[in-house]
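Encoded as C-alpha cells, the structure appears first; notes follow it.
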Protein chains: 2
Amino acid sequence: MSQLQTDSVPDRRCQILDAALVCFAKRGFHQTSMHDISAEAGISVGLIYRYFENKEAVISAMADRHKKEISEVLQRAKQAPTLLESLEILFTAHCCEEQSPVVSAFVVDLYSEASRNPQVADLVRGVLETAMAGVTELISKAPEAQNTTRGLSPSEMAELIFAVARGMLMLDVLRPQEMTATERRDRQLQVTRRLWSCLFKPEAEFAYA
Amino acid sequence: MSQLQTDSVPDRRCQILDAALVCFAKRGFHQTSMHDISAEAGISVGLIYRYFENKEAVISAMADRHKKEISEVLQRAKQAPTLLESLEILFTAHCCEEQSPVVSAFVVDLYSEASRNPQVADLVRGVLETAMAGVTELISKAPEAQNTTRGLSPSEMAELIFAVARGMLMLDVLRPQEMTATERRDRQLQVTRRLWSCLFKPEAEFAYA
DNA sequence: TGACAATGAATGAACGTTCATTCATTGTCT
DNA sequence: AGACAATGAATGAACGTTCATTCATTGTCA
C-alpha cells in the first residue's frame, strides 16, 4: 500500500506532466485548458487538482522537470572523452531525442513565460548558469582548447556556445514538421562542428589551402 | 480633408499596434485581452474591430510590422563601411533601441506562436531567409572575410551569426528589468565582437601572446 | 451665411462561449 | 465499514466579439 502510494503518486504526477508537455507544445501554456491535459492523460479534470494546486503549479513542475533533465544532460556531457563530443551531446540532447519539435516548442514557450513570470525566469536563469559553469569548466580543462583560445576566455566561449544552442532551438520551431528527428539531429551536429572548428580548431591546416 | 483621412486611418492602426506591442510584451499574445489593448491605446474595444478583423489579425499585423522593421535594419547594415559595423547594427538593432525588453519578449513570443501557427511561421521564416541571404552576401563581398574563412562558407557563417543573435535575444528576456538599455547594448556589442574575432580575425596577433 | 441632412468614427453594455476551479458523488480497495 | 482515488457536472469569472446608439464633422440646400 505504502509502496503503491509512494510509487503511484509520483507516477500520476509524471503521467500528468507527460500529457501537459504534449499539450503545451501543441497549443502553448495559456491556450491549453485543464480539460485538454486531462483528456491527453486519460483521466478526469478533477484528478489533476489532487496532484497539483492549480495550472500555474503544473507549469512550474514542468519547468522543474526541465531543470533536472538539463542537469542530467550536463552530467553526460561532462563524461564524454573529448570536448567536441561534449558539445555534441549538449547540442543534440534536448532538441533531437524522441520528440524533437515537442521539446523545442516547450522550451521557447518556457522562455516566453520567463519574460513575465519572475519565478520561472529565476528557475531558467539558474539552469542556464549551472550549465554554463559546467561548460566553462569543461573548456578550461580540455586539452583541445589550450593553445587555440583566439583571445577568448573559457566563459566567453561558453557564452557563445550557449547562445548558438538557444538560437538553433528557436530555429527548430520554424521548421516544418516533415523534417524527421534524424534530419534535425544531423543539422544540429553540422552546426556544432562548425562552431567547434571556429572556436577550437588549430589554424595549421589552412596552410594546405 | 482627404489628407486628414488618409493620415488618420493608418495612424489609428499604428496606435493600436503600438498599444498591442506593449500589452503583448507584458502579458503575451494569449493572455492579452482586447480590453487590455483598448485601455493601453486609450480607445474603446469596439474601435479595434473597425481596423482589425479579429485578434488574430492584430497578431498578424504585428508580425508584418516586425518584418518591415527587420528589412530596414538589414538595409542600414548593408550600408555600413565595415563588416564588423554591419554585424553590430544587426545585433543591437531590435533588442537595444528604445524599449529593449519589450521587443525581445515580443520576438520570443512570435517564435512561440510560429511553432503552432503556420501562417506566422511562414512569415518569420521568410524574414529570416531574407536577412540571412543579405548577410551571406555581405560576408562574400567583405574584404575582411577573404583570407580568414576557417573552412566555413559565407552562408555557414551567416547561420552561426543568426543563431547567436537569436540566442542572445532569448537571454534578454531572462535578464532582470533593472538592466538599462545601454547596459544591454554594451553586452550585445561585447558578444558581437567576440563572435567577430572568432569568425574573421586573422590569427597573426596570437604571436604576441 | 444659416439650417438641415447625412456620415461614419467611436462607444461600451450585452451575448455566447470557454475556462479554471470546486465538490458532491461514485468506485475500489482493505 | 472506512479510507482513499477518481469522476464530471456545476459555478462564476473572463474573454472575444457584436451592435444599437451617440455625436462631431462634412455636404447640401436656401
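Note on naming: chains are A, B, ... as they come in the C-alpha cells, residues start from 1 per chain, ligands start from 1 in the order shown.
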
### Task
Write down, as a VMD selection string, each residue of chain D that has any atom within 10 Å of an atom of chain B, counting only C-alpha atoms (C1' of nucleotides).
chain D and resid 14 to 19 26

### Message
Give me, as a ChimeraX atom specification, all polymer residues having an atom no more than 12 Å from DA6 (chain C), counting only C-alpha atoms (C1' of nucleotides) and skipping those fewer than 4 positions away in the same chain.
### Response
/D:25-28

Output as a PDB file with C-alpha atoms, in the first residue's frame the set of chain A residues within 8 Å of chain B, with distances taken over only C-alpha atoms.
ATOM      1  CA  LYS A  26       0.861  21.700 -29.301  1.00  0.00           C
ATOM      2  CA  ARG A  27      -1.011  24.766 -28.085  1.00  0.00           C
ATOM      3  CA  GLY A  28       1.199  26.683 -25.662  1.00  0.00           C
ATOM      4  CA  HIS A  30      -2.133  29.552 -21.975  1.00  0.00           C
ATOM      5  CA  GLN A  31      -4.077  28.046 -24.833  1.00  0.00           C
ATOM      6  CA  ALA A 105       8.358  24.420 -28.718  1.00  0.00           C
ATOM      7  CA  VAL A 108      10.685  28.504 -26.399  1.00  0.00           C
ATOM      8  CA  ASP A 109       7.405  28.818 -24.543  1.00  0.00           C
ATOM      9  CA  TYR A 111      11.447  31.476 -22.143  1.00  0.00           C
ATOM     10  CA  SER A 112       8.386  33.361 -23.264  1.00  0.00           C
ATOM     11  CA  ALA A 114      10.014  33.613 -18.129  1.00  0.00           C
ATOM     12  CA  SER A 115       9.780  37.085 -19.620  1.00  0.00           C
ATOM     13  CA  ARG A 116       6.703  37.789 -17.498  1.00  0.00           C
ATOM     14  CA  ALA A 121      12.704  33.374 -15.022  1.00  0.00           C
ATOM     15  CA  ASP A 122      14.726  32.650 -11.880  1.00  0.00           C
ATOM     16  CA  VAL A 124      15.535  29.152 -16.121  1.00  0.00           C
ATOM     17  CA  ARG A 125      18.346  31.536 -15.269  1.00  0.00           C
ATOM     18  CA  ARG A 150      41.616  33.176 -30.022  1.00  0.00           C
ATOM     19  CA  GLY A 151      41.662  35.783 -27.285  1.00  0.00           C
ATOM     20  CA  LEU A 152      38.505  34.430 -25.677  1.00  0.00           C
ATOM     21  CA  GLU A 156      33.234  33.809 -23.047  1.00  0.00           C
ATOM     22  CA  LEU A 160      28.859  31.876 -27.361  1.00  0.00           C
ATOM     23  CA  PHE A 162      25.016  28.538 -25.330  1.00  0.00           C
ATOM     24  CA  ALA A 163      23.841  31.438 -27.472  1.00  0.00           C
ATOM     25  CA  VAL A 164      24.188  29.249 -30.560  1.00  0.00           C
ATOM     26  CA  ALA A 165      22.412  26.362 -28.837  1.00  0.00           C
ATOM     27  CA  ARG A 166      19.476  28.557 -27.848  1.00  0.00           C
ATOM     28  CA  GLY A 167      19.403  30.136 -31.294  1.00  0.00           C
ATOM     29  CA  MET A 168      19.250  26.758 -33.019  1.00  0.00           C
ATOM     30  CA  MET A 170      14.447  28.778 -31.819  1.00  0.00           C
ATOM     31  CA  LEU A 171      15.092  27.878 -35.427  1.00  0.00           C
ATOM     32  CA  VAL A 173      10.230  25.679 -34.103  1.00  0.00           C
ATOM     33  CA  LEU A 174      10.149  27.268 -37.560  1.00  0.00           C
ATOM     34  CA  VAL A 191      26.321  23.447 -36.739  1.00  0.00           C
ATOM     35  CA  ARG A 194      31.216  24.380 -37.438  1.00  0.00           C
ATOM     36  CA  LEU A 195      31.143  26.234 -34.164  1.00  0.00           C
ATOM     37  CA  SER A 197      36.081  24.337 -35.674  1.00  0.00           C
ATOM     38  CA  CYS A 198      35.576  28.046 -35.392  1.00  0.00           C
ATOM     39  CA  LEU A 199      36.368  28.143 -31.681  1.00  0.00           C
ATOM     40  CA  GLU A 203      44.877  27.156 -37.783  1.00  0.00           C
ATOM     41  CA  PHE A 206      44.809  26.401 -43.678  1.00  0.00           C
TER      42      PHE A 206
END

With a cut-off of 9 Å, could you pull out the residues of chain C touching chain B and give me the nearest pair of atoms for each, distance in Å to one decimal, using only C-alpha atoms (C1' of nucleotides), ordered by chain and ascending number, as CSV?
residue,atom,partner,partner_atom,distance
C:DA9,C1',B:Leu47,CA,8.2
C:DA10,C1',B:Leu47,CA,6.4
C:DT11,C1',B:Ser44,CA,6.2
C:DG12,C1',B:Ser44,CA,7.3

DSSP-assigned alpha helix (DSSP H) members of region 51-195 of chain A, reported as a PDB file with C-alpha atoms, in the first residue's frame:
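Listing of states.pdb after writing:
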ATOM      1  CA  TYR A  51      -1.823  16.327  -7.589  1.00  0.00           C
ATOM      2  CA  LYS A  55      -2.465  25.327 -13.538  1.00  0.00           C
ATOM      3  CA  GLU A  56       0.479  27.533 -12.547  1.00  0.00           C
ATOM      4  CA  ALA A  57       1.782  24.683 -10.404  1.00  0.00           C
ATOM      5  CA  VAL A  58       1.688  22.365 -13.415  1.00  0.00           C
ATOM      6  CA  ILE A  59       3.777  24.857 -15.389  1.00  0.00           C
ATOM      7  CA  SER A  60       6.234  25.243 -12.508  1.00  0.00           C
ATOM      8  CA  ALA A  61       6.553  21.494 -12.144  1.00  0.00           C
ATOM      9  CA  MET A  62       7.273  21.233 -15.869  1.00  0.00           C
ATOM     10  CA  ALA A  63       9.995  23.853 -15.521  1.00  0.00           C
ATOM     11  CA  ASP A  64      11.446  21.924 -12.581  1.00  0.00           C
ATOM     12  CA  ARG A  65      11.470  18.736 -14.554  1.00  0.00           C
ATOM     13  CA  HIS A  66      13.208  20.531 -17.408  1.00  0.00           C
ATOM     14  CA  LYS A  67      15.852  21.680 -14.927  1.00  0.00           C
ATOM     15  CA  LYS A  68      16.529  18.088 -13.867  1.00  0.00           C
ATOM     16  CA  GLU A  69      16.738  16.905 -17.469  1.00  0.00           C
ATOM     17  CA  ILE A  70      19.282  19.587 -18.322  1.00  0.00           C
ATOM     18  CA  SER A  71      21.339  18.614 -15.276  1.00  0.00           C
ATOM     19  CA  GLU A  72      21.406  15.024 -16.483  1.00  0.00           C
ATOM     20  CA  VAL A  73      22.480  16.081 -19.964  1.00  0.00           C
ATOM     21  CA  LEU A  74      25.257  18.146 -18.393  1.00  0.00           C
ATOM     22  CA  GLN A  75      26.442  15.148 -16.393  1.00  0.00           C
ATOM     23  CA  ARG A  76      26.562  13.026 -19.531  1.00  0.00           C
ATOM     24  CA  ALA A  77      28.373  15.772 -21.430  1.00  0.00           C
ATOM     25  CA  LYS A  78      30.991  16.038 -18.695  1.00  0.00           C
ATOM     26  CA  LEU A  83      35.344  18.431 -25.875  1.00  0.00           C
ATOM     27  CA  LEU A  84      33.718  18.064 -29.289  1.00  0.00           C
ATOM     28  CA  GLU A  85      31.721  15.087 -28.102  1.00  0.00           C
ATOM     29  CA  SER A  86      30.634  17.001 -25.009  1.00  0.00           C
ATOM     30  CA  LEU A  87      29.354  19.795 -27.186  1.00  0.00           C
ATOM     31  CA  GLU A  88      27.580  17.357 -29.479  1.00  0.00           C
ATOM     32  CA  ILE A  89      25.752  15.857 -26.509  1.00  0.00           C
ATOM     33  CA  LEU A  90      24.740  19.294 -25.252  1.00  0.00           C
ATOM     34  CA  PHE A  91      23.559  20.451 -28.659  1.00  0.00           C
ATOM     35  CA  THR A  92      21.567  17.407 -29.655  1.00  0.00           C
ATOM     36  CA  ALA A  93      20.144  16.340 -26.307  1.00  0.00           C
ATOM     37  CA  HIS A  94      17.031  18.361 -25.635  1.00  0.00           C
ATOM     38  CA  CYS A  95      16.003  19.039 -29.180  1.00  0.00           C
ATOM     39  CA  CYS A  96      16.737  15.849 -31.033  1.00  0.00           C
ATOM     40  CA  SER A 100      12.193  16.905 -31.053  1.00  0.00           C
ATOM     41  CA  PRO A 101       9.688  19.583 -32.091  1.00  0.00           C
ATOM     42  CA  VAL A 102       7.644  18.991 -28.958  1.00  0.00           C
ATOM     43  CA  VAL A 103      10.521  19.825 -26.637  1.00  0.00           C
ATOM     44  CA  SER A 104      11.761  22.766 -28.692  1.00  0.00           C
ATOM     45  CA  ALA A 105       8.358  24.420 -28.718  1.00  0.00           C
ATOM     46  CA  PHE A 106       8.068  23.847 -24.995  1.00  0.00           C
ATOM     47  CA  VAL A 107      11.435  25.445 -24.263  1.00  0.00           C
ATOM     48  CA  VAL A 108      10.685  28.504 -26.399  1.00  0.00           C
ATOM     49  CA  ASP A 109       7.405  28.818 -24.543  1.00  0.00           C
ATOM     50  CA  LEU A 110       9.280  28.478 -21.274  1.00  0.00           C
ATOM     51  CA  TYR A 111      11.447  31.476 -22.143  1.00  0.00           C
ATOM     52  CA  SER A 112       8.386  33.361 -23.264  1.00  0.00           C
ATOM     53  CA  GLU A 113       6.803  32.610 -19.906  1.00  0.00           C
ATOM     54  CA  ALA A 114      10.014  33.613 -18.129  1.00  0.00           C
ATOM     55  CA  PRO A 118       9.805  36.069 -12.400  1.00  0.00           C
ATOM     56  CA  GLN A 119       9.579  32.686 -10.693  1.00  0.00           C
ATOM     57  CA  VAL A 120      10.024  30.866 -13.996  1.00  0.00           C
ATOM     58  CA  ALA A 121      12.704  33.374 -15.022  1.00  0.00           C
ATOM     59  CA  ASP A 122      14.726  32.650 -11.880  1.00  0.00           C
ATOM     60  CA  LEU A 123      14.485  28.949 -12.472  1.00  0.00           C
ATOM     61  CA  VAL A 124      15.535  29.152 -16.121  1.00  0.00           C
ATOM     62  CA  ARG A 125      18.346  31.536 -15.269  1.00  0.00           C
ATOM     63  CA  GLY A 126      19.506  29.077 -12.608  1.00  0.00           C
ATOM     64  CA  VAL A 127      19.543  26.210 -15.094  1.00  0.00           C
ATOM     65  CA  LEU A 128      21.492  28.310 -17.536  1.00  0.00           C
ATOM     66  CA  GLU A 129      24.080  29.460 -15.013  1.00  0.00           C
ATOM     67  CA  THR A 130      24.713  25.939 -13.779  1.00  0.00           C
ATOM     68  CA  ALA A 131      25.065  24.595 -17.294  1.00  0.00           C
ATOM     69  CA  MET A 132      27.334  27.439 -18.381  1.00  0.00           C
ATOM     70  CA  ALA A 133      29.543  26.986 -15.346  1.00  0.00           C
ATOM     71  CA  GLY A 134      29.823  23.322 -16.240  1.00  0.00           C
ATOM     72  CA  VAL A 135      30.814  24.010 -19.822  1.00  0.00           C
ATOM     73  CA  THR A 136      33.242  26.734 -18.776  1.00  0.00           C
ATOM     74  CA  GLU A 137      34.964  24.224 -16.536  1.00  0.00           C
ATOM     75  CA  LEU A 138      34.914  21.671 -19.343  1.00  0.00           C
ATOM     76  CA  ILE A 139      36.661  24.104 -21.660  1.00  0.00           C
ATOM     77  CA  SER A 140      39.205  25.161 -19.062  1.00  0.00           C
ATOM     78  CA  LYS A 141      40.285  21.568 -18.587  1.00  0.00           C
ATOM     79  CA  PRO A 154      36.555  29.823 -21.425  1.00  0.00           C
ATOM     80  CA  SER A 155      33.495  31.542 -20.014  1.00  0.00           C
ATOM     81  CA  GLU A 156      33.234  33.809 -23.047  1.00  0.00           C
ATOM     82  CA  MET A 157      33.397  30.725 -25.235  1.00  0.00           C
ATOM     83  CA  ALA A 158      30.737  29.032 -23.152  1.00  0.00           C
ATOM     84  CA  GLU A 159      28.535  32.067 -23.583  1.00  0.00           C
ATOM     85  CA  LEU A 160      28.859  31.876 -27.361  1.00  0.00           C
ATOM     86  CA  ILE A 161      28.211  28.148 -27.330  1.00  0.00           C
ATOM     87  CA  PHE A 162      25.016  28.538 -25.330  1.00  0.00           C
ATOM     88  CA  ALA A 163      23.841  31.438 -27.472  1.00  0.00           C
ATOM     89  CA  VAL A 164      24.188  29.249 -30.560  1.00  0.00           C
ATOM     90  CA  ALA A 165      22.412  26.362 -28.837  1.00  0.00           C
ATOM     91  CA  ARG A 166      19.476  28.557 -27.848  1.00  0.00           C
ATOM     92  CA  GLY A 167      19.403  30.136 -31.294  1.00  0.00           C
ATOM     93  CA  MET A 168      19.250  26.758 -33.019  1.00  0.00           C
ATOM     94  CA  LEU A 169      16.447  25.765 -30.703  1.00  0.00           C
ATOM     95  CA  MET A 170      14.447  28.778 -31.819  1.00  0.00           C
ATOM     96  CA  LEU A 171      15.092  27.878 -35.427  1.00  0.00           C
ATOM     97  CA  ASP A 172      13.743  24.431 -34.704  1.00  0.00           C
ATOM     98  CA  ALA A 181      14.281  13.694 -35.815  1.00  0.00           C
ATOM     99  CA  THR A 182      17.322  12.267 -37.575  1.00  0.00           C
ATOM    100  CA  GLU A 183      17.440  15.125 -40.070  1.00  0.00           C
ATOM    101  CA  ARG A 184      17.190  17.636 -37.248  1.00  0.00           C
ATOM    102  CA  ARG A 185      19.923  15.855 -35.361  1.00  0.00           C
ATOM    103  CA  ASP A 186      22.225  15.890 -38.380  1.00  0.00           C
ATOM    104  CA  ARG A 187      21.615  19.575 -38.836  1.00  0.00           C
ATOM    105  CA  GLN A 188      22.425  20.268 -35.194  1.00  0.00           C
ATOM    106  CA  LEU A 189      25.604  18.217 -35.423  1.00  0.00           C
ATOM    107  CA  GLN A 190      26.718  20.131 -38.514  1.00  0.00           C
ATOM    108  CA  VAL A 191      26.321  23.447 -36.739  1.00  0.00           C
ATOM    109  CA  THR A 192      28.023  22.128 -33.606  1.00  0.00           C
ATOM    110  CA  ARG A 193      31.050  21.062 -35.631  1.00  0.00           C
ATOM    111  CA  ARG A 194      31.216  24.380 -37.438  1.00  0.00           C
ATOM    112  CA  LEU A 195      31.143  26.234 -34.164  1.00  0.00           C
TER     113      LEU A 195
END
